[in-house]
>>> print(open('model32.txt').read())   # compact mmCIF, C-alpha atoms
# COMPACT_ATOMS: atom_id res chain seq x y z
CA MET G 291 -17.05 49.82 49.50
CA ASN G 292 -15.49 52.28 47.07
CA GLN G 293 -17.82 52.24 44.06
CA HIS G 294 -16.31 52.84 40.65
CA PRO G 295 -17.86 52.35 37.24
CA ILE G 296 -18.03 48.63 36.53
CA THR G 297 -15.61 47.61 33.78
CA ALA G 298 -16.41 45.30 30.87
CA GLU G 299 -14.15 42.69 32.48
CA GLU G 300 -16.01 42.89 35.79
CA LYS G 301 -19.36 42.61 33.99
CA VAL G 302 -18.25 39.42 32.28
CA VAL G 303 -16.87 37.97 35.52
CA VAL G 304 -20.05 38.67 37.52
CA ALA G 305 -22.34 37.54 34.67
CA LEU G 306 -20.39 34.31 34.12
CA ILE G 307 -20.46 33.34 37.79
CA SER G 308 -24.15 34.27 38.02
CA LEU G 309 -25.02 32.13 34.99
CA CYS G 310 -23.16 29.20 36.57
CA GLY G 311 -25.48 29.16 39.58
CA ASN G 312 -23.46 31.78 41.49
CA GLU G 313 -20.35 29.59 41.76
CA ILE G 314 -17.39 28.52 39.63
CA VAL G 315 -14.75 26.24 41.07
CA GLY G 316 -11.26 26.72 39.67
CA ARG G 317 -9.38 29.42 37.81
CA THR G 318 -8.67 27.10 34.91
CA ARG G 319 -12.35 26.20 34.51
CA PHE G 320 -13.28 29.89 34.76
CA GLN G 321 -10.82 30.84 31.99
CA LYS G 322 -11.80 27.94 29.70
CA GLN G 323 -15.54 28.57 30.07
CA ALA G 324 -15.01 32.25 29.28
CA TYR G 325 -12.84 31.40 26.27
CA LEU G 326 -15.31 28.88 24.86
CA LEU G 327 -18.23 31.29 25.35
CA ASP G 328 -16.18 33.92 23.55
CA ARG G 329 -15.60 31.50 20.64
CA CYS G 330 -19.33 30.62 20.61
CA GLY G 331 -20.23 34.22 19.88
CA ALA G 332 -19.99 36.18 23.13
CA ASP G 333 -17.14 38.17 21.58
CA PHE G 334 -15.93 39.73 24.84
CA GLY G 335 -13.12 41.59 23.12
CA PHE G 336 -10.52 40.14 25.48
CA ARG G 337 -7.19 38.90 24.23
CA PHE G 338 -6.58 35.25 25.03
CA ASP G 339 -3.00 33.97 24.90
CA TYR G 340 -1.70 30.44 25.15
CA HIS G 341 -0.67 29.88 28.76
CA HIS G 342 0.11 26.87 30.96
CA TYR G 343 -3.36 25.34 30.72
CA GLY G 344 -4.41 26.67 27.32
CA PRO G 345 -6.16 29.94 26.45
CA TYR G 346 -5.85 32.56 29.18
CA SER G 347 -6.95 36.18 29.38
CA PHE G 348 -5.08 38.52 31.69
CA ALA G 349 -7.95 41.02 31.27
CA LEU G 350 -10.40 38.45 32.61
CA ALA G 351 -8.14 37.76 35.60
CA ASP G 352 -7.93 41.52 36.22
CA GLY G 353 -11.73 41.58 36.08
CA TRP G 354 -12.10 39.09 38.91
CA VAL G 355 -9.52 40.99 41.00
CA ASP G 356 -11.47 44.23 40.48
CA ALA G 357 -14.87 42.58 41.06
CA ARG G 358 -13.54 41.12 44.31
CA ALA G 359 -12.16 44.48 45.41
CA GLU G 360 -15.57 46.04 44.75
CA GLN G 361 -17.26 43.17 46.67
CA ARG G 362 -19.25 42.08 43.62
CA ILE G 363 -17.80 38.59 44.03
CA THR G 364 -15.93 36.55 46.62
CA ILE G 365 -12.95 34.33 45.92
CA GLU G 366 -12.26 31.59 48.43
CA GLU G 367 -8.86 29.93 48.25
CA ARG G 368 -8.57 26.28 49.28
CA LEU G 369 -6.02 23.50 49.25
CA GLY G 370 -6.94 20.52 47.11
CA ARG G 371 -5.27 17.24 46.33
CA TYR G 372 -1.51 17.25 46.62
CA SER G 373 -1.77 20.62 48.43
CA ILE G 374 -2.51 22.41 45.16
CA ARG G 375 -4.42 25.65 45.62
CA TYR G 376 -7.70 26.27 43.87
CA SER G 377 -10.25 29.08 43.95
CA ILE G 378 -14.01 29.17 44.37
CA PHE G 379 -15.64 32.21 42.77
CA ARG G 380 -19.06 33.24 44.04
CA THR G 381 -21.58 35.99 43.48
CA PRO G 382 -24.09 36.88 46.18
CA GLU G 383 -27.34 34.90 45.97
CA SER G 384 -29.14 38.18 45.36
CA THR G 385 -27.18 38.86 42.15
CA GLU G 386 -29.63 39.51 39.34
CA PRO G 387 -28.98 37.16 36.42
CA PRO G 388 -27.92 39.10 33.34
CA ASN G 389 -29.97 39.32 30.15
CA SER G 390 -26.82 38.67 28.14
CA ILE G 391 -23.14 38.02 28.47
CA GLY G 392 -21.11 39.73 25.81
CA LYS G 393 -23.08 39.32 22.60
CA LEU G 394 -24.80 36.09 23.69
CA PRO G 395 -28.31 36.05 25.15
CA ALA G 396 -28.24 34.70 28.72
CA GLU G 397 -30.33 31.65 27.80
CA THR G 398 -27.91 30.64 25.04
CA ALA G 399 -24.93 31.15 27.36
CA ARG G 400 -26.61 29.20 30.15
CA LYS G 401 -27.20 26.21 27.85
CA LEU G 402 -23.56 26.27 26.76
CA LEU G 403 -22.37 26.57 30.35
CA ASP G 404 -24.59 23.65 31.38
CA LYS G 405 -22.88 21.53 28.72
CA MET G 406 -19.49 22.70 29.99
CA GLN G 407 -20.44 21.57 33.49
CA GLU G 408 -21.03 18.06 32.14
CA VAL G 409 -17.37 17.58 31.18
CA SER G 410 -14.33 17.25 33.40
CA ASP G 411 -11.86 20.09 33.88
CA ILE G 412 -9.32 18.22 31.76
CA VAL G 413 -11.73 17.64 28.87
CA LEU G 414 -12.73 21.31 29.04
CA GLU G 415 -9.05 22.34 28.99
CA LEU G 416 -8.35 20.10 25.99
CA ALA G 417 -11.41 21.39 24.13
CA ALA G 418 -10.45 25.02 24.76
CA THR G 419 -6.91 24.31 23.61
CA ILE G 420 -8.09 22.70 20.37
CA ALA G 421 -10.45 25.65 19.81
CA PHE G 422 -7.58 28.07 20.49
CA PHE G 423 -5.37 26.45 17.85
CA ARG G 424 -8.29 26.36 15.39
CA ALA G 425 -8.81 30.12 15.94
CA ASP G 426 -5.06 30.60 15.42
CA GLY G 427 -5.32 29.14 11.90
CA TYR G 428 -4.57 25.45 12.45
CA ASP G 429 -6.78 23.04 10.53
CA GLU G 430 -8.68 20.44 12.56
CA ARG G 431 -6.04 17.74 12.27
CA GLU G 432 -3.18 20.12 13.15
CA ALA G 433 -5.07 21.59 16.12
CA VAL G 434 -5.71 18.14 17.57
CA LYS G 435 -2.13 17.05 16.91
CA GLU G 436 -0.69 20.17 18.57
CA THR G 437 -2.97 19.70 21.58
CA ARG G 438 -1.96 16.04 21.88
CA GLU G 439 1.74 16.98 21.74
CA ARG G 440 1.48 19.78 24.32
CA LYS G 441 -0.82 17.88 26.67
CA SER G 442 0.16 14.28 26.06
CA ILE G 443 -0.70 12.88 29.50
CA LYS G 444 -4.01 14.76 29.72
CA ALA G 445 -4.92 13.65 26.18
CA GLU G 446 -4.82 9.96 27.18
CA ASN G 447 -7.68 7.63 28.13
CA GLY G 448 -10.07 8.96 25.49
CA ARG G 449 -10.14 12.49 26.91
CA LEU G 450 -8.93 14.11 23.69
CA GLU G 451 -11.69 12.39 21.74
CA LYS G 452 -14.23 13.50 24.36
CA ALA G 453 -12.96 17.06 23.93
CA GLN G 454 -13.45 16.82 20.17
CA ARG G 455 -17.02 15.51 20.58
CA PHE G 456 -17.72 18.24 23.11
CA LEU G 457 -16.60 20.92 20.63
CA GLN G 458 -19.02 19.49 18.08
CA GLU G 459 -21.83 19.53 20.66
CA ILE G 460 -21.35 23.24 21.32
CA GLY G 461 -20.98 24.06 17.63
CA LEU G 462 -17.27 24.82 17.44
CA PRO G 463 -14.88 23.37 14.90
CA GLY G 464 -12.59 20.87 16.52
CA GLY G 465 -13.19 17.83 14.46
CA VAL G 466 -13.23 14.19 15.17
CA ALA G 467 -10.55 13.33 12.63
CA ALA G 468 -7.78 11.17 14.00
CA ALA G 469 -4.60 13.04 14.74
>>> encode(input="model32.txt", output="structure tokens")
Amino acid sequence: MNQHPITAEEKVVVALISLCGNEIVGRTRFQKQAYLLDRCGADFGFRFDYHHYGPYSFALADGWVDARAEQRITIEERLGRYSIRYSIFRTPESTEPPNSIGKLPAETARKLLDKMQEVSDIVLELAATIAFFRADGYDEREAVKETRERKSIKAENGRLEKAQRFLQEIGLPGGVAAA
């Protein structure tokens, strides 16, 4: 293993996986959890752009590539339903849990991540997208409306409302106003 100084991105990647019980399933979930932690005060300093599934950080993705290359994590690729690829990110069992992740104490982050584990990938994606639009200056109603328009099928069956309630539970503005 060619050791190099661990980057901020790698630290976040390893810490996030560690705080999730040494495993995160799915790139989308990984990105959305990181984004929501960032919005909850972790303040990673990464740029998040709107991408196919909502907020996405290329720096974070670079971090998991580097952490994998340095054998700090493993990434297992699998085929899921409809032959769609997904990734399983793991840290070794011996990985020491961090004291903090970004500017959040580990215990605070762990509680937030536990709440994130309670919602489906789609609800998490919708919540992160609403939060992204709120951070971009949209008011609550506009953020929900924009999310509903961009993700109309995913927003059905009460999932958008669940995403709004979830944002309230974790202390982020997202509102419950009808769009």
>>> atom_distance(input="model32.txt", atom1="CA of Ile296 (chain G)", atom2="CA of Arg362 (chain G)")
9.7 Å
>>> closest_atom_pairs(input="model32.txt", of="region 347-388 of chain G", to="region 298-308 of chain G", cutoff="7 Å", atoms="only C-alpha atoms", output="CSV")
residue,atom,partner,partner_atom,distance
G:Ala349,CA,G:Glu299,CA,6.5
G:Leu350,CA,G:Glu299,CA,5.7
G:Gly353,CA,G:Glu299,CA,4.5
G:Trp354,CA,G:Val303,CA,6.0
G:Asp356,CA,G:Glu300,CA,6.7
G:Ala357,CA,G:Glu300,CA,5.4
G:Ile363,CA,G:Val304,CA,6.9
G:Arg380,CA,G:Ile307,CA,6.4
G:Thr381,CA,G:Ser308,CA,6.3
G:Thr385,CA,G:Ser308,CA,6.9
G:Pro387,CA,G:Ser308,CA,5.9
G:Pro388,CA,G:Ala305,CA,5.9
>>> atom_distance(input="model32.txt", atom1="CA of Thr437 (chain G)", atom2="CA of Leu450 (chain G)")
8.4 Å
>>> residues_around(input="model32.txt", residues="region 336-339 of chain G", least_positions_apart="4", cutoff="10 Å", atoms="all atoms listed in the file", output="PyMOL selection string")
chain G and resi 298-299+321+324-325+328+344-350+422
>>> residues_near_point(input="model32.txt", point="(-16.7, 24.9, 24.7)", cutoff="9 Å", atoms="only C-alpha atoms", output="PDB file with C-alpha atoms, keeping the file's coordinate frame")
ATOM      1  CA  LYS G 322     -11.800  27.940  29.700  1.00  0.00           C
ATOM      2  CA  GLN G 323     -15.540  28.570  30.070  1.00  0.00           C
ATOM      3  CA  ALA G 324     -15.010  32.250  29.280  1.00  0.00           C
ATOM      4  CA  TYR G 325     -12.840  31.400  26.270  1.00  0.00           C
ATOM      5  CA  LEU G 326     -15.310  28.880  24.860  1.00  0.00           C
ATOM      6  CA  LEU G 327     -18.230  31.290  25.350  1.00  0.00           C
ATOM      7  CA  ARG G 329     -15.600  31.500  20.640  1.00  0.00           C
ATOM      8  CA  CYS G 330     -19.330  30.620  20.610  1.00  0.00           C
ATOM      9  CA  LEU G 402     -23.560  26.270  26.760  1.00  0.00           C
ATOM     10  CA  LEU G 403     -22.370  26.570  30.350  1.00  0.00           C
ATOM     11  CA  LYS G 405     -22.880  21.530  28.720  1.00  0.00           C
ATOM     12  CA  MET G 406     -19.490  22.700  29.990  1.00  0.00           C
ATOM     13  CA  LEU G 414     -12.730  21.310  29.040  1.00  0.00           C
ATOM     14  CA  ALA G 417     -11.410  21.390  24.130  1.00  0.00           C
ATOM     15  CA  ALA G 418     -10.450  25.020  24.760  1.00  0.00           C
ATOM     16  CA  ALA G 421     -10.450  25.650  19.810  1.00  0.00           C
ATOM     17  CA  ALA G 453     -12.960  17.060  23.930  1.00  0.00           C
ATOM     18  CA  PHE G 456     -17.720  18.240  23.110  1.00  0.00           C
ATOM     19  CA  LEU G 457     -16.600  20.920  20.630  1.00  0.00           C
ATOM     20  CA  GLN G 458     -19.020  19.490  18.080  1.00  0.00           C
ATOM     21  CA  GLU G 459     -21.830  19.530  20.660  1.00  0.00           C
ATOM     22  CA  ILE G 460     -21.350  23.240  21.320  1.00  0.00           C
ATOM     23  CA  GLY G 461     -20.980  24.060  17.630  1.00  0.00           C
ATOM     24  CA  LEU G 462     -17.270  24.820  17.440  1.00  0.00           C
TER      25      LEU G 462
END
>>> residues_around(input="model32.txt", residues="Arg317 (chain G)", least_positions_apart="3", cutoff="8 Å", atoms="only C-alpha atoms", output="ChimeraX atom specification")
/G:320-321,376-377
>>> closest_residue(input="model32.txt", among="G:Ile420, G:Val315, G:Ile391, G:Val413", to="Arg368 (chain G)", atoms="all atoms listed in the file")
G:Val315
>>> closest_residue(input="model32.txt", among="G:Ile314, G:Ala425, G:Ala433, G:Ala399", to="Gly331 (chain G)", atoms="only C-alpha atoms")
G:Ala399
>>> residues_around(input="model32.txt", residues="Lys444 (chain G)", least_positions_apart="5", cutoff="8 Å", atoms="only C-alpha atoms", output="ChimeraX atom specification")
/G:412,416,449-450
>>> write_last_selection(input="model32.txt", atoms="C-alpha atoms", output="compact mmCIF listing (two decimals), in the coordinates of the input")
# COMPACT_ATOMS: atom_id res chain seq x y z
CA ILE G 412 -9.32 18.22 31.76
CA LEU G 416 -8.35 20.10 25.99
CA ARG G 449 -10.14 12.49 26.91
CA LEU G 450 -8.93 14.11 23.69
>>> axis_aligned_box(input="model32.txt", around="region 381-393 of chain G", padding_each_side="8 Å", output="lines of an AutoDock Vina configuration file")
center_x = -25.5
center_y = 37.3
center_z = 34.4
size_x = 24.9
size_y = 20.8
size_z = 39.6
>>> closest_residue(input="model32.txt", among="G:Asn312, G:Phe379, G:Ser390, G:Glu366", to="Ala351 (chain G)", atoms="only C-alpha atoms")
G:Phe379
>>> atom_distance(input="model32.txt", atom1="CA of Arg400 (chain G)", atom2="CA of Cys310 (chain G)")
7.3 Å
>>> build_atoms(input="model32.txt", residues="region 390-409 of chain G", atoms="N, CA and C atoms", output="PDB file, in the coordinates of the input")
ATOM      1  N   SER G 390     -27.785  39.126  29.137  1.00  0.00           N
ATOM      2  CA  SER G 390     -26.820  38.670  28.140  1.00  0.00           C
ATOM      3  C   SER G 390     -25.447  38.667  28.775  1.00  0.00           C
ATOM      4  N   ILE G 391     -24.538  38.000  28.088  1.00  0.00           N
ATOM      5  CA  ILE G 391     -23.140  38.020  28.470  1.00  0.00           C
ATOM      6  C   ILE G 391     -22.370  38.227  27.171  1.00  0.00           C
ATOM      7  N   GLY G 392     -21.691  39.353  27.090  1.00  0.00           N
ATOM      8  CA  GLY G 392     -21.110  39.730  25.810  1.00  0.00           C
ATOM      9  C   GLY G 392     -22.224  39.879  24.799  1.00  0.00           C
ATOM     10  N   LYS G 393     -22.060  39.254  23.649  1.00  0.00           N
ATOM     11  CA  LYS G 393     -23.080  39.320  22.600  1.00  0.00           C
ATOM     12  C   LYS G 393     -24.027  38.128  22.598  1.00  0.00           C
ATOM     13  N   LEU G 394     -23.925  37.268  23.612  1.00  0.00           N
ATOM     14  CA  LEU G 394     -24.800  36.090  23.690  1.00  0.00           C
ATOM     15  C   LEU G 394     -25.974  36.359  24.627  1.00  0.00           C
ATOM     16  N   PRO G 395     -27.180  35.983  24.215  1.00  0.00           N
ATOM     17  CA  PRO G 395     -28.310  36.050  25.150  1.00  0.00           C
ATOM     18  C   PRO G 395     -28.024  35.118  26.336  1.00  0.00           C
ATOM     19  N   ALA G 396     -28.493  35.483  27.505  1.00  0.00           N
ATOM     20  CA  ALA G 396     -28.240  34.700  28.720  1.00  0.00           C
ATOM     21  C   ALA G 396     -28.685  33.250  28.563  1.00  0.00           C
ATOM     22  N   GLU G 397     -29.824  33.025  27.940  1.00  0.00           N
ATOM     23  CA  GLU G 397     -30.330  31.650  27.800  1.00  0.00           C
ATOM     24  C   GLU G 397     -29.393  30.795  26.953  1.00  0.00           C
ATOM     25  N   THR G 398     -28.866  31.365  25.881  1.00  0.00           N
ATOM     26  CA  THR G 398     -27.910  30.640  25.040  1.00  0.00           C
ATOM     27  C   THR G 398     -26.651  30.336  25.845  1.00  0.00           C
ATOM     28  N   ALA G 399     -26.143  31.333  26.553  1.00  0.00           N
ATOM     29  CA  ALA G 399     -24.930  31.150  27.360  1.00  0.00           C
ATOM     30  C   ALA G 399     -25.165  30.105  28.445  1.00  0.00           C
ATOM     31  N   ARG G 400     -26.319  30.152  29.081  1.00  0.00           N
ATOM     32  CA  ARG G 400     -26.610  29.200  30.150  1.00  0.00           C
ATOM     33  C   ARG G 400     -26.619  27.759  29.615  1.00  0.00           C
ATOM     34  N   LYS G 401     -27.186  27.562  28.446  1.00  0.00           N
ATOM     35  CA  LYS G 401     -27.200  26.210  27.850  1.00  0.00           C
ATOM     36  C   LYS G 401     -25.783  25.735  27.558  1.00  0.00           C
ATOM     37  N   LEU G 402     -24.957  26.631  27.030  1.00  0.00           N
ATOM     38  CA  LEU G 402     -23.560  26.270  26.760  1.00  0.00           C
ATOM     39  C   LEU G 402     -22.822  25.959  28.057  1.00  0.00           C
ATOM     40  N   LEU G 403     -23.032  26.778  29.063  1.00  0.00           N
ATOM     41  CA  LEU G 403     -22.370  26.570  30.350  1.00  0.00           C
ATOM     42  C   LEU G 403     -22.827  25.266  31.006  1.00  0.00           C
ATOM     43  N   ASP G 404     -24.091  24.928  30.856  1.00  0.00           N
ATOM     44  CA  ASP G 404     -24.590  23.650  31.380  1.00  0.00           C
ATOM     45  C   ASP G 404     -23.852  22.486  30.724  1.00  0.00           C
ATOM     46  N   LYS G 405     -23.634  22.586  29.415  1.00  0.00           N
ATOM     47  CA  LYS G 405     -22.880  21.530  28.720  1.00  0.00           C
ATOM     48  C   LYS G 405     -21.441  21.480  29.207  1.00  0.00           C
ATOM     49  N   MET G 406     -20.869  22.653  29.488  1.00  0.00           N
ATOM     50  CA  MET G 406     -19.490  22.700  29.990  1.00  0.00           C
ATOM     51  C   MET G 406     -19.386  22.050  31.364  1.00  0.00           C
ATOM     52  N   GLN G 407     -20.446  22.179  32.163  1.00  0.00           N
ATOM     53  CA  GLN G 407     -20.440  21.570  33.490  1.00  0.00           C
ATOM     54  C   GLN G 407     -20.475  20.044  33.423  1.00  0.00           C
ATOM     55  N   GLU G 408     -20.913  19.508  32.290  1.00  0.00           N
ATOM     56  CA  GLU G 408     -21.030  18.060  32.140  1.00  0.00           C
ATOM     57  C   GLU G 408     -19.696  17.387  31.840  1.00  0.00           C
ATOM     58  N   VAL G 409     -18.671  18.177  31.501  1.00  0.00           N
ATOM     59  CA  VAL G 409     -17.370  17.580  31.180  1.00  0.00           C
ATOM     60  C   VAL G 409     -16.363  17.904  32.272  1.00  0.00           C
TER      61      VAL G 409
END
